[in-house]
Every structure is written in C-alpha cells, then in structure tokens.
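Participant: There's a structure below that I have some questions on.
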Amino acid sequence: MDITFDIERFMEGSGRVDLTDVVWEDVPRYPLTPEALRAVRFFMITESATFYYLRGLMKTKAAMEEPEFAPFLCAWAYEEEFHGRAFAKFMQAYGEPVDAGYRGKMFNGRTAGERIDELGQAAISFVIPDDWPATHMAWGAIQEMTTYVAYGQLMDRCKHPVLELLCRRIMKQELKHFSFYYQQANKRLERSRVAQHVTSRVLKLAWTPVGDGMSSKAEVAHALSFLFDGADGDAIEQVEKRIRALPGLEWFNLLSQYVEVNGIRRPPASFFAHPRGARDEEPDRASVGV
Ligand SMILES: [Fe+2]
Ligand SMILES: [Fe+2]
C-alpha cells in the first residue's frame, strides 16, 4: 500500500472518478439484498457530507498559510462529491429512489453532537491554532482509512460487478486522501507533544465512526455490522493498526471500542444472499470495465 503523498502529483491526477465506461443498464441485472442496498445508501449519504466537513477545515490557520492545504481541500471535496454521485447513480440505476433533497434533510437532521462539534472546533482552533490541525488530520486519516477498507468489504460482500468497478476506482482516490491526512498528521504529531495530547483527548471525547452524525446510529451500526462484522471480524483491525502508527496514537482502539460498546456483531448470512437466487449469467467483464 503506497502512502507517500506529493501534492503536485496529486493535483495532476485529481478529478472526478471516471465512470464513462460504466454500463448502468447492467446494474439491475445483479441482485442485492436490502441490507446491501442499505449499506450503499449509507455511503452515498456519507460521501455527500464531505462538503460540510470542508467548512471546518477551511477555518483553520493551516488552510490559509500552508501551500499544500488549499489545493488539496479543493480537489478532495470535488472527488468526494463524485463518490456520492456515483453511489446515487448506482442506486437509481438499480431502481432505488434517491430523494434530490437528501442533502438538506441530512444537514438539518444532523445530531446535536454534530452541532456542538462545529462550535467546539471553532473555539479550539482559536485557542490553539498551531496544534489544532493535527487533530483534524488524524481524524481525517481515520475516516479515509475506514472508507477505504469499507469499500473493499462492500465489493467483496455484494459480488456485484458494477458496484465492484465503482468501489475499485473510488478506493484509489480514498487511498490518496488517506495519504494526505496521514502524512500531515504524522508530521504535526511528531513535532508537538501538545498536538499529541490534544488529538488523543479530542478523539477519546468526540470521535465517532465515519457517517455518524449525518446518518442515524442505527445506520452506522448496520454499516459496521454488514461490512466489518462488528466485533467479530478483523476489518476493524486493518483500520486501527494504521492509525496506531501515528505518534501519540499508539493506544488507538476507538472503532473496536465502538462496536464492543454498541454490541455490533457479525450479521446473519441472509444479509449476503442474493434475493432472487444466484446470478444466472456472468457479466462480460469488458462491458463493466473491470
Ligand atoms: Fe469518498
Ligand atoms: Fe476520501
């Protein structure tokens, strides 16, 4: 897994995920369980929430002063928006309704915790402008690695060729996002004990899994069960071991703690069964661009 990051290379290669060769008519040919569709919808909403997190990041001193920040944030938000749109298009192609106003509902329905987070972030960034970005960067690294691992699991569990194509291409971008956040967090945590302390405290106090706040706890639990097997699988360890390599975050166990505390376990096998029986014909791999 390559996690080196070069802003010039990233900007040169950035852009919307290429779906020009996707045969959308193929989407309904391969059945998905209601539980699988629920997980796809969760990520459609989560990806579309990036826009709101951008606001917090843009308020940091680093966004104005550091040459890598502004270009990265512009390209990152653009790419994430197209991840959301890719999942929305997939859902529509499958025949699932996608409410055009879902973004507004998501924002207005965000939890009280999410609103307090916004105010708290503004206050902390004012008090410790130099060390606060380390927390943002570590937080971003956790969420990006979570989505990266989640999409690997999603394609594995759904066995849907078009969804697999989407996930593969989106994952390439998620890995680049992770590299940015990880390297920024690493550099900032390495040079400041205060940043390490603040980041650990804030994560322990306020961190919740990606998508929480914009979707209900039940949706978060479903995604963590369907994709990660909750406390019964090893996918969560893949995320946590990456984060534990960051200075001061050797303790990181918040995802496993979350599934433990909330009793999130491996789902029944029926969640993965194809509701209309096994696929009766294999797709032409070229037609889905894999
Ligand atoms: Fe994304
Ligand atoms: Fe991302």
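Going through the structure tokens in order, the chains are called A, B, and so on, while each chain numbers its residues from 1 and the ligands are numbered from 1 in the order shown.
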Within 8 Å of A:Glu219, counting only C-alpha atoms, which residues show up once you throw out same-chain ones fewer than 6 positions away? Write them as number ranges by chain, please.
Facilitator: A: 38-39, 42
Participant: Tell me, counting only C-alpha atoms and all ligand atoms, for each residue of chain A within 10 Å of ligand 2, which pair of atoms is nearest and how far apart they are in Å to one decimal, in rows ordered by chain and increasing number, as a tab-separated table.
Facilitator:
```
residue	atom	partner	partner_atom_place_in_ligand_line	distance
A:Glu47	CA	ligand 2	1 (Fe)	7.9
A:Thr50	CA	ligand 2	1 (Fe)	8.6
A:Trp76	CA	ligand 2	1 (Fe)	7.0
A:Ala77	CA	ligand 2	1 (Fe)	8.4
A:Glu79	CA	ligand 2	1 (Fe)	7.6
A:Glu80	CA	ligand 2	1 (Fe)	5.8
A:Glu81	CA	ligand 2	1 (Fe)	9.6
A:His83	CA	ligand 2	1 (Fe)	8.5
A:Gly140	CA	ligand 2	1 (Fe)	8.5
A:Ala141	CA	ligand 2	1 (Fe)	9.1
A:Gln143	CA	ligand 2	1 (Fe)	7.8
A:Glu144	CA	ligand 2	1 (Fe)	5.1
A:Met145	CA	ligand 2	1 (Fe)	8.3
A:Thr146	CA	ligand 2	1 (Fe)	9.4
A:Thr147	CA	ligand 2	1 (Fe)	7.1
A:Tyr148	CA	ligand 2	1 (Fe)	7.8
A:Ile170	CA	ligand 2	1 (Fe)	8.2
A:Met171	CA	ligand 2	1 (Fe)	8.2
A:Lys172	CA	ligand 2	1 (Fe)	9.3
A:Gln173	CA	ligand 2	1 (Fe)	6.5
A:Glu174	CA	ligand 2	1 (Fe)	4.1
A:Leu175	CA	ligand 2	1 (Fe)	7.4
A:Lys176	CA	ligand 2	1 (Fe)	7.8
A:His177	CA	ligand 2	1 (Fe)	5.2
A:Phe178	CA	ligand 2	1 (Fe)	6.9
A:Tyr181	CA	ligand 2	1 (Fe)	9.8
```
Participant: Find the residues around stretch 190-201 of chain A up to 7 Å (only C-alpha atoms counted), leave out those fewer than 2 positions away in its own chain, and share them as a JSON list (two decimals) with C-alpha atoms, in the first residue's frame.
Facilitator:
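Full text of part_29.json as output:
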```
[["chain", "number", "residue", "atom", "x", "y", "z"],
["A", 131, "ASP", "CA", -1.71, 22.34, 17.07],
["A", 132, "TRP", "CA", -5.38, 22.00, 16.17],
["A", 134, "ALA", "CA", -3.03, 17.76, 13.83],
["A", 135, "THR", "CA", -6.36, 16.65, 15.30],
["A", 186, "ASN", "CA", 2.31, 12.32, 11.28],
["A", 187, "LYS", "CA", 4.40, 15.45, 10.75],
["A", 188, "ARG", "CA", 2.32, 17.56, 13.14],
["A", 203, "LEU", "CA", -10.58, 11.72, 19.72],
["A", 204, "LYS", "CA", -11.41, 9.99, 23.02],
["A", 205, "LEU", "CA", -14.04, 12.60, 23.81],
["A", 247, "PRO", "CA", 2.94, 9.42, 17.12],
["A", 248, "GLY", "CA", 0.94, 9.52, 20.34],
["A", 249, "LEU", "CA", -1.89, 7.39, 18.94]]
```
Participant: Residues at most 12 Å from A:Ala231, counting only C-alpha atoms, excluding those fewer than 6 positions away in the same chain, as a PyMOL selection string?
Facilitator: chain A and resi 221+224-225+237+253-267
Participant: According to DSSP computed on the backbone, where in stretch 123-240 of chain A is there helix (DSSP H, G or I)? Give the residues as a ChimeraX atom specification.
Facilitator: /A:123-127,132-158,161-190,193-206,217-228,230-232,235-240
Participant: Just the residues within 12 Å of A:Ser270, please, counting only C-alpha atoms, with nothing from its chain fewer than 6 positions along; format it as a PyMOL selection string.
Facilitator: chain A and resi 32-36+157-158+226+277
Participant: Create the file for the chosen residues now, containing N, CA and C atoms and written as an mmCIF file, in the first residue's frame.
Facilitator:
```
data_model
loop_
_atom_site.group_PDB
_atom_site.id
_atom_site.type_symbol
_atom_site.label_atom_id
_atom_site.label_comp_id
_atom_site.auth_asym_id
_atom_site.auth_seq_id
_atom_site.Cartn_x
_atom_site.Cartn_y
_atom_site.Cartn_z
ATOM 1 N N LEU A 32 -29.183 -7.495 -5.289
ATOM 2 C CA LEU A 32 -28.569 -7.161 -4.000
ATOM 3 C C LEU A 32 -29.612 -7.330 -2.905
ATOM 4 N N THR A 33 -29.177 -7.682 -1.736
ATOM 5 C CA THR A 33 -30.119 -7.802 -0.618
ATOM 6 C C THR A 33 -30.506 -6.396 -0.133
ATOM 7 N N PRO A 34 -31.634 -6.276 0.563
ATOM 8 C CA PRO A 34 -31.996 -4.957 1.130
ATOM 9 C C PRO A 34 -30.902 -4.431 2.052
ATOM 10 N N GLU A 35 -30.207 -5.343 2.736
ATOM 11 C CA GLU A 35 -29.148 -4.926 3.661
ATOM 12 C C GLU A 35 -27.956 -4.347 2.910
ATOM 13 N N ALA A 36 -27.675 -4.921 1.727
ATOM 14 C CA ALA A 36 -26.576 -4.397 0.910
ATOM 15 C C ALA A 36 -26.936 -3.003 0.390
ATOM 16 N N ARG A 157 -18.534 -8.332 -0.416
ATOM 17 C CA ARG A 157 -19.771 -8.892 0.140
ATOM 18 C C ARG A 157 -20.932 -8.868 -0.841
ATOM 19 N N CYS A 158 -20.929 -7.884 -1.729
ATOM 20 C CA CYS A 158 -22.078 -7.754 -2.640
ATOM 21 C C CYS A 158 -21.906 -8.560 -3.927
ATOM 22 N N PHE A 226 -22.570 -4.988 8.662
ATOM 23 C CA PHE A 226 -22.609 -5.573 7.312
ATOM 24 C C PHE A 226 -21.216 -5.650 6.685
ATOM 25 N N GLY A 277 -31.974 -15.448 -6.076
ATOM 26 C CA GLY A 277 -31.192 -16.628 -6.433
ATOM 27 C C GLY A 277 -29.842 -16.230 -6.980
#
```
Participant: Please determine, counting only C-alpha atoms and all ligand atoms, which residue among A:Phe10, A:Pro28, A:Ala86, A:Glu66 has the shortest atom-to-atom distance to ligand 1.
Facilitator: A:Ala86
Participant: Could you check which of A:Pro133, A:Gly109, A:Gly84, A:Pro161 is closest to ligand 1, using only C-alpha atoms and all ligand atoms?
Facilitator: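 Nearest candidate to ligand 1 out of A:Pro133, A:Gly109, A:Gly84, A:Pro161: A:Gly84.
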Participant: So, counting only C-alpha atoms, which residue among A:Gly213, A:Gly230, A:Gly15, A:Pro71 is closest to A:Ile45?
Facilitator: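 The answer is A:Gly213, which sits nearest to A:Ile45.
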Participant: Just the residues within 12 Å of A:Ser215, please, counting only C-alpha atoms, with nothing from its chain fewer than 5 positions along; format it as a list in words.
Facilitator: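 Non-adjacent residues within range: Arg38, Ala39, Arg41, Phe42, Phe43, Met44, Ile45, Thr46, Glu47, Ser48, Ala49, Tyr102, Arg103, Lys105, Met106, Phe107, Asn108, Gly109, Arg110, Thr111, Glu114, Thr208, Pro209, Val210, Val220, Ala221, His222 and Ala223 of chain A.
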Participant: Write to file, as a short mmCIF file (atom, residue, chain, number, x, y, z; two decimals), in the first residue's frame, the residues of the selection just made, with C-alpha atoms.
Facilitator:
```
data_model
loop_
_atom_site.label_atom_id
_atom_site.label_comp_id
_atom_site.auth_asym_id
_atom_site.auth_seq_id
_atom_site.Cartn_x
_atom_site.Cartn_y
_atom_site.Cartn_z
CA ARG A 38 -28.90 -0.01 2.88
CA ALA A 39 -25.10 0.00 3.17
CA ARG A 41 -27.22 4.28 0.68
CA PHE A 42 -25.33 4.96 3.90
CA PHE A 43 -22.14 5.62 1.92
CA MET A 44 -23.99 7.71 -0.65
CA ILE A 45 -25.05 10.00 2.22
CA THR A 46 -21.69 9.88 3.98
CA GLU A 47 -19.78 10.84 0.83
CA SER A 48 -22.17 13.68 0.18
CA ALA A 49 -21.50 15.08 3.66
CA TYR A 102 -31.45 14.22 0.77
CA ARG A 103 -28.52 16.54 1.42
CA LYS A 105 -32.51 16.63 5.14
CA MET A 106 -29.19 15.19 6.25
CA PHE A 107 -27.85 18.59 7.24
CA ASN A 108 -30.99 19.74 9.04
CA GLY A 109 -31.29 16.38 10.75
CA ARG A 110 -27.69 16.25 11.95
CA THR A 111 -27.43 15.39 15.60
CA GLU A 114 -22.61 17.28 15.40
CA THR A 208 -17.44 8.63 16.19
CA PRO A 209 -17.26 6.46 13.04
CA VAL A 210 -17.45 7.97 9.58
CA VAL A 220 -23.85 3.38 11.37
CA ALA A 221 -24.35 0.13 13.27
CA HIS A 222 -25.72 -1.54 10.15
CA ALA A 223 -22.72 -0.47 8.06
#
```
Participant: Would you please work out which residue, of A:Tyr151, A:Phe5, A:Phe90, A:Phe228, is nearest to ligand 1 when using only C-alpha atoms and all ligand atoms?
Facilitator: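 Using only C-alpha atoms and all ligand atoms, the shortest distance to ligand 1 belongs to A:Tyr151.
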Participant: Could you tell me how far atom CA of A:Leu166 sits from atom CA of A:Tyr30, in Å to one decimal place?
Facilitator: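 Separation of atom CA of A:Tyr30 and atom CA of A:Leu166: 14.5 Å.
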Participant: Rank nothing, just name the residue among A:Ala150, A:Leu37, A:Cys74, A:Ala100 nearest to ligand 1, using only C-alpha atoms and all ligand atoms.
Facilitator: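 For ligand 1, the nearest of the candidates is A:Ala150.
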Participant: Can you work out the spacing between atom CA of A:Leu154 and atom CA of A:Leu227 in Å, to one decimal?
Facilitator: 6.1 Å
Participant: Counting only C-alpha atoms and all ligand atoms, which residue out of A:Glu250, A:Glu68, A:Gln183, A:Cys167 sits closest to ligand 1?
Facilitator: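 Of A:Glu250, A:Glu68, A:Gln183, A:Cys167, the one nearest ligand 1 is A:Cys167, counting only C-alpha atoms and all ligand atoms.
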